[in-house]
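K.L.:
Following this message is one structure expressed as structure tokens.
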Amino acid sequence: MMPYFEQLLFLVLCLILVLGECRKQTTREKRWTGPVETQKHGTSLSKKPPDNTKARKMKTEAVLKVDDHDFTMRPAFGGPAIPVGVDVQVESLDSISEVDMDFTMTLYLRHYWKDERLSFTSTTNKSMTFDGRLVKKIWVPDVFFVHSKRSFIHDTTTDNIMLRVFPDGHVLYSLRVTVTAACNMDFSRFPLDSQTCSLELESYAYTDEDLMLYWKNGDESLSTDERISLSQFLIQKFHTTSRLAFYSSTGWYNRLYINFTLRRHIFFFLLQTYFPATLMVMLSWVSFWIDRRAVPARVSLGITTVLTMSTIITGVNASMPRVSYIKAVDIYLWVSFVFVFLSVLEYAAVNYLTTVQERRERKLRERMREQSLPCTCGMSHTGTMMADGTYSEADTNSLAGYTEAPMVPEEEPEKQHREHMVVHLSVSSESTTAAATKKKGLRAMRLLQNTHAIDKYSRIIFPGAYIIFNLTYWSVFC
């Protein structure tokens with residue numbers, strides 16, 4: 001009896017539990033009946049049809065059938081070349097380096113192609129968007145940057161990669177990249193130059209027989225931010241081109257070009273290079289107005305301007321690549337340096353000529369002093385002979401202490417006359433020589449007084465020549 005009673009009791013408890021659950025379910029249904037009926041009779045809500053592609057229980061691999069295909073091969077492998085469209089949005093042009101001859105650019109690179117292996121069914125014909133984790137499981141174009149030095153995909157906070165797949169198999173693959181690429185620059189007109197640089201895109205493995213790379217919308221495939229600006233350059237224009245590139249060992253490849261032209265701002269170099277060089281040249285002209293006898297002033301001024309020009313030339317070349325040709329700024333600076341150096345040589349010439357002429361003047365004064373000394377004529381006192389060979393009355397009276405010499409007989413007047421003529425002619429020739437020497441000395445003194453004529457001519461020649469040089473320089477390079 002006891003086992004039978006226990007079985008009966010167990011059955012009663014089970015019935016009680018079942019009846020309780022049924023009562024709770026009935027209460028829950030009654031609780032939600034009112035709002036549903038109110039919404040039914042009130043404003044109707046449009047219900048979206050369910051999309052199987054958005055269901056949580058579906059895996060990406062199952063929807064795209066990733067595991068059913070070999071994505072190591074390109075789409076339509078063995079058939080015609082797959083077209084891959086490209087468009088680029090330039091976010092920023094970060095820097096231009098003249099020393100390294102390169103530029104750094106940040107851009108959004110987008111690829112468009114069709115892979116039927118990724119097609120899926122969708123009642124709403126909507127696309128699916130994925131991040132970079134799916135990229136490793138499917139085929140994507142192997143585009144790289146030709147002549148790039150450094151490049152990377154941004155990864156903050158995650159990899160900046162977006163993959164969008166459409167139901168018909170069309171794929172959009174976008175990534176954010178910063179690339180540093182080489183740019184062949186010509187500095188022959190620096191800093192009055194314009195530079196044209198190119199960023200080149202190309203498939204690394206697939207030739208034009210397997211992959212056809214093209215600009216998706218022609219010139220409209222390249223868009224730029226209007227706020228892009230550089231400190232030293234004015235961005236004139238962006239444009240796109242495409243052509244075939246040939247490699248002797250692998251074949252022909254499609255290559256896309258992003259070309260942009262930059263024109264350098266000249267105002268910075270006017271303030272830092274041209275104006276200081278011009279002022280140094282003008283400062284060297286000040287020495288032409290300084291007295292030629294002020295040697296320390298003129299020498300120190302010339303050396304200061306020469307050293308300053310050397311410093312300017314060194315500073316400019318330190319920020320430039322070591323090219324083997326002459327730049328426009330080199331022409332200006334070296335011509336200015338020549339003008340400064342010539343001003344120093346001008347004073348050296350003036351100082352030398354002044355020294356030579358002073359030495360000649362000193363010798364001339366000594367010679368004139370020697371010629372102006374009185375003739376002693378063998379007497380213990382000094383006297384001056386007249387032009388006709390006689391002495392003055394004072395000299396005649398001073399001969400009283402001497403013994404009288406025998407008188408010349410009157411019968412020799414002709415001999416006395418000849419001696420008188422000889423003395424007169426000798427004295428006349430000496431006076432003529434002295435007059436000629438005196439004229440030379442006066443001419444030398446005039447030249448000595450006019451040695452600063454070189455400075456007078458330099459005050460006109462140096463500024464005039466420098467102005468002509470500037471007019472020619474700026475008319476040629478501007």
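Ligands are numbered from 1 in the order shown, residues from 1 within each chain, and chains are lettered A, B, ... in the order they appear in the structure tokens.
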I'd like the neighbourhood of Met185 of chain A as an MDAnalysis selection string, where a residue qualifies if any of its atoms comes within 10 Å (using only C-alpha atoms), though same-chain residues fewer than 4 positions away should be ignored.
P.N.:
chainID A and resid 98 101:102 193:197
K.L.:
Keeping C-alpha atoms, export the residues of the selection given above as a PDB file, in the first residue's frame.
P.N.:
```
ATOM      1  CA  GLU A  98      64.136  69.415 -50.528  1.00  0.00           C
ATOM      2  CA  MET A 101      63.698  64.989 -52.336  1.00  0.00           C
ATOM      3  CA  ASP A 102      60.460  63.397 -51.166  1.00  0.00           C
ATOM      4  CA  ASP A 193      60.924  77.304 -58.913  1.00  0.00           C
ATOM      5  CA  SER A 194      57.874  75.099 -59.417  1.00  0.00           C
ATOM      6  CA  GLN A 195      57.961  71.376 -58.690  1.00  0.00           C
ATOM      7  CA  THR A 196      55.781  68.596 -60.108  1.00  0.00           C
ATOM      8  CA  CYS A 197      55.552  65.399 -58.057  1.00  0.00           C
TER       9      CYS A 197
END
```
K.L.:
I need the helix (DSSP H, G or I) residues of segment 158-383 of chain A per DSSP on the backbone, written as number ranges by chain.
P.N.:
A: 218-221, 267-289, 295-318, 328-371
K.L.:
Report as CSV the residues of segment 239-326 of chain A within 9 Å of segment 348-353 of chain A, each with its shortest atom pair and distance in Å (one decimal), using only C-alpha atoms, ordered by chain and increasing residue number.
P.N.:
```
residue,atom,partner,partner_atom,distance
A:Arg292,CA,A:Asn351,CA,6.8
A:Arg293,CA,A:Asn351,CA,7.8
A:Val295,CA,A:Asn351,CA,8.2
A:Val299,CA,A:Ala348,CA,8.8
```
K.L.:
Taking only C-alpha atoms into account, which of A:Thr250, A:Thr311, A:Ser119, A:Ser92 comes nearest Lys65 of chain A?
P.N.:
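Comparing A:Thr250, A:Thr311, A:Ser119, A:Ser92 against Lys65 of chain A, the winner is A:Ser119.
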K.L.:
Where in segment 163-366 of chain A does DSSP assign strand (DSSP E), given as a PyMOL selection string?
P.N.:
chain A and resi 163-165+170-182+194-203+211-215+222-224+233-247+251-264
K.L.:
For Ser198 of chain A, work out the shell of residues within 12 Å, counting only C-alpha atoms and skipping chain neighbours fewer than 4 positions away, then give it as a PyMOL selection string.
P.N.:
chain A and resi 102-105+145-148+179-185+237-242+255-262
K.L.:
Output as CSV one row per residue of segment 67-145 of chain A within 6 Å of segment 211-218 of chain A: the closest atom pair and its distance in Å to one decimal place, counting only C-alpha atoms, sorted by chain and residue number ascending.
P.N.:
```
residue,atom,partner,partner_atom,distance
A:Ala81,CA,A:Leu211,CA,4.8
A:Ile82,CA,A:Leu211,CA,4.9
A:Pro83,CA,A:Met212,CA,4.6
A:Val84,CA,A:Leu213,CA,5.1
A:Gly85,CA,A:Lys216,CA,4.5
A:Val86,CA,A:Trp215,CA,5.0
```
K.L.:
Restricting it to all heavy atoms, dump the selection as a PDB file, in the first residue's frame.
P.N.:
```pdb
ATOM      1  N   ALA A  81      41.245  39.739 -68.133  1.00  0.00           N
ATOM      2  CA  ALA A  81      41.749  40.522 -66.994  1.00  0.00           C
ATOM      3  C   ALA A  81      40.591  41.101 -66.209  1.00  0.00           C
ATOM      4  O   ALA A  81      39.591  41.565 -66.780  1.00  0.00           O
ATOM      5  CB  ALA A  81      42.664  41.645 -67.487  1.00  0.00           C
ATOM      6  N   ILE A  82      40.708  41.079 -64.895  1.00  0.00           N
ATOM      7  CA  ILE A  82      39.671  41.617 -64.040  1.00  0.00           C
ATOM      8  C   ILE A  82      39.860  43.132 -63.922  1.00  0.00           C
ATOM      9  O   ILE A  82      40.957  43.600 -63.590  1.00  0.00           O
ATOM     10  CB  ILE A  82      39.683  40.945 -62.653  1.00  0.00           C
ATOM     11  CG1 ILE A  82      38.682  41.640 -61.722  1.00  0.00           C
ATOM     12  CG2 ILE A  82      41.076  40.979 -62.052  1.00  0.00           C
ATOM     13  CD1 ILE A  82      38.549  40.976 -60.377  1.00  0.00           C
ATOM     14  N   PRO A  83      38.847  43.938 -64.195  1.00  0.00           N
ATOM     15  CA  PRO A  83      38.993  45.387 -64.050  1.00  0.00           C
ATOM     16  C   PRO A  83      38.871  45.804 -62.587  1.00  0.00           C
ATOM     17  O   PRO A  83      37.953  45.378 -61.883  1.00  0.00           O
ATOM     18  CB  PRO A  83      37.838  45.935 -64.891  1.00  0.00           C
ATOM     19  CG  PRO A  83      36.829  44.845 -64.922  1.00  0.00           C
ATOM     20  CD  PRO A  83      37.564  43.549 -64.809  1.00  0.00           C
ATOM     21  N   VAL A  84      39.776  46.625 -62.166  1.00  0.00           N
ATOM     22  CA  VAL A  84      39.786  47.156 -60.801  1.00  0.00           C
ATOM     23  C   VAL A  84      39.820  48.676 -60.899  1.00  0.00           C
ATOM     24  O   VAL A  84      40.815  49.259 -61.355  1.00  0.00           O
ATOM     25  CB  VAL A  84      40.992  46.642 -59.996  1.00  0.00           C
ATOM     26  CG1 VAL A  84      41.007  47.268 -58.607  1.00  0.00           C
ATOM     27  CG2 VAL A  84      40.949  45.122 -59.885  1.00  0.00           C
ATOM     28  N   GLY A  85      38.734  49.309 -60.505  1.00  0.00           N
ATOM     29  CA  GLY A  85      38.667  50.762 -60.497  1.00  0.00           C
ATOM     30  C   GLY A  85      39.241  51.332 -59.210  1.00  0.00           C
ATOM     31  O   GLY A  85      39.161  50.715 -58.149  1.00  0.00           O
ATOM     32  N   VAL A  86      39.833  52.503 -59.327  1.00  0.00           N
ATOM     33  CA  VAL A  86      40.475  53.142 -58.176  1.00  0.00           C
ATOM     34  C   VAL A  86      40.035  54.594 -58.108  1.00  0.00           C
ATOM     35  O   VAL A  86      39.930  55.273 -59.137  1.00  0.00           O
ATOM     36  CB  VAL A  86      42.021  53.065 -58.289  1.00  0.00           C
ATOM     37  CG1 VAL A  86      42.691  53.831 -57.149  1.00  0.00           C
ATOM     38  CG2 VAL A  86      42.488  51.621 -58.306  1.00  0.00           C
TER      39      VAL A  86
END
```
K.L.:
Tell me, as a CSV table (one decimal) with all heavy atoms, in the first residue's frame, which residues lie within 9 Å of segment 274-276 of chain A, counting only C-alpha atoms; anything in the same chain fewer than 4 positions away does not count.
P.N.:
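Full text of selection-v4.csv as output:
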```csv
chain,number,residue,atom,x,y,z
A,269,PHE,N,62.1,83.7,-48.6
A,269,PHE,CA,63.5,83.8,-49.0
A,269,PHE,C,63.9,85.2,-49.3
A,269,PHE,O,65.1,85.5,-49.2
A,269,PHE,CB,63.7,82.9,-50.3
A,269,PHE,CG,63.5,81.5,-50.1
A,269,PHE,CD1,62.3,80.9,-50.3
A,269,PHE,CD2,64.6,80.7,-49.6
A,269,PHE,CE1,62.1,79.5,-50.1
A,269,PHE,CE2,64.4,79.3,-49.3
A,269,PHE,CZ,63.2,78.7,-49.6
A,270,LEU,N,62.9,86.1,-49.6
A,270,LEU,CA,63.3,87.5,-49.7
A,270,LEU,C,63.7,88.0,-48.4
A,270,LEU,O,64.7,88.8,-48.3
A,270,LEU,CB,62.0,88.3,-50.2
A,270,LEU,CG,61.7,88.1,-51.7
A,270,LEU,CD1,60.4,88.9,-52.0
A,270,LEU,CD2,62.8,88.6,-52.6
A,280,MET,N,74.1,93.9,-47.4
A,280,MET,CA,75.5,93.8,-47.2
A,280,MET,C,76.3,94.4,-48.3
A,280,MET,O,77.3,95.0,-48.1
A,280,MET,CB,75.9,92.3,-47.1
A,280,MET,CG,75.5,91.6,-45.8
A,280,MET,SD,76.3,92.4,-44.3
A,280,MET,CE,74.9,93.4,-43.7
A,281,VAL,N,75.8,94.2,-49.6
A,281,VAL,CA,76.4,94.9,-50.7
A,281,VAL,C,76.3,96.4,-50.6
A,281,VAL,O,77.3,97.1,-50.8
A,281,VAL,CB,75.7,94.4,-52.0
A,281,VAL,CG1,76.3,95.2,-53.2
A,281,VAL,CG2,76.0,92.9,-52.2
A,309,MET,N,78.5,87.8,-45.8
A,309,MET,CA,78.1,87.1,-47.1
A,309,MET,C,78.5,85.7,-47.1
A,309,MET,O,77.7,84.8,-47.5
A,309,MET,CB,78.7,87.8,-48.3
A,309,MET,CG,78.1,89.2,-48.6
A,309,MET,SD,76.3,89.1,-49.0
A,309,MET,CE,76.4,87.8,-50.3
A,312,ILE,N,75.8,83.9,-45.0
A,312,ILE,CA,74.6,83.7,-45.7
A,312,ILE,C,74.6,82.6,-46.7
A,312,ILE,O,73.7,81.8,-46.8
A,312,ILE,CB,74.2,85.0,-46.4
A,312,ILE,CG1,73.9,86.1,-45.3
A,312,ILE,CG2,72.9,84.9,-47.2
A,312,ILE,CD1,73.6,87.5,-45.9
A,329,VAL,N,69.6,81.0,-56.7
A,329,VAL,CA,70.0,81.7,-55.5
A,329,VAL,C,71.5,81.8,-55.4
A,329,VAL,O,72.1,82.7,-54.8
A,329,VAL,CB,69.4,81.1,-54.2
A,329,VAL,CG1,70.0,79.7,-53.9
A,329,VAL,CG2,69.5,82.0,-53.0
A,332,TYR,N,72.7,84.8,-57.4
A,332,TYR,CA,72.5,86.1,-56.7
A,332,TYR,C,73.5,86.2,-55.6
A,332,TYR,O,74.2,87.3,-55.5
A,332,TYR,CB,71.1,86.1,-56.2
A,332,TYR,CG,70.7,87.5,-55.8
A,332,TYR,CD1,70.1,88.4,-56.7
A,332,TYR,CD2,70.9,88.0,-54.5
A,332,TYR,CE1,69.8,89.7,-56.3
A,332,TYR,CE2,70.6,89.2,-54.1
A,332,TYR,CZ,70.0,90.1,-55.0
A,332,TYR,OH,69.7,91.4,-54.6
A,333,LEU,N,73.7,85.2,-54.8
A,333,LEU,CA,74.6,85.3,-53.6
A,333,LEU,C,76.0,85.5,-54.0
A,333,LEU,O,76.8,86.3,-53.4
A,333,LEU,CB,74.4,84.1,-52.7
A,333,LEU,CG,73.1,84.0,-52.0
A,333,LEU,CD1,73.0,82.8,-51.1
A,333,LEU,CD2,72.8,85.3,-51.1
```
K.L.:
Can you list, as a list in words, every protein, DNA or RNA residue that comes within 10 Å of Phe268 of chain A when you count only C-alpha atoms, leaving out same-chain residues fewer than 6 positions away?
P.N.:
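In the requested format, the answer is Pro191, Ser231, Gln232 and Tyr274 of chain A.
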K.L.:
Under the rule that only C-alpha atoms are counted, which of A:Leu118, A:Ala318, A:Ile468, A:Ile303 is the nearest residue to Asp168 of chain A?
P.N.:
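Nearest candidate to Asp168 of chain A out of A:Leu118, A:Ala318, A:Ile468, A:Ile303: A:Leu118.
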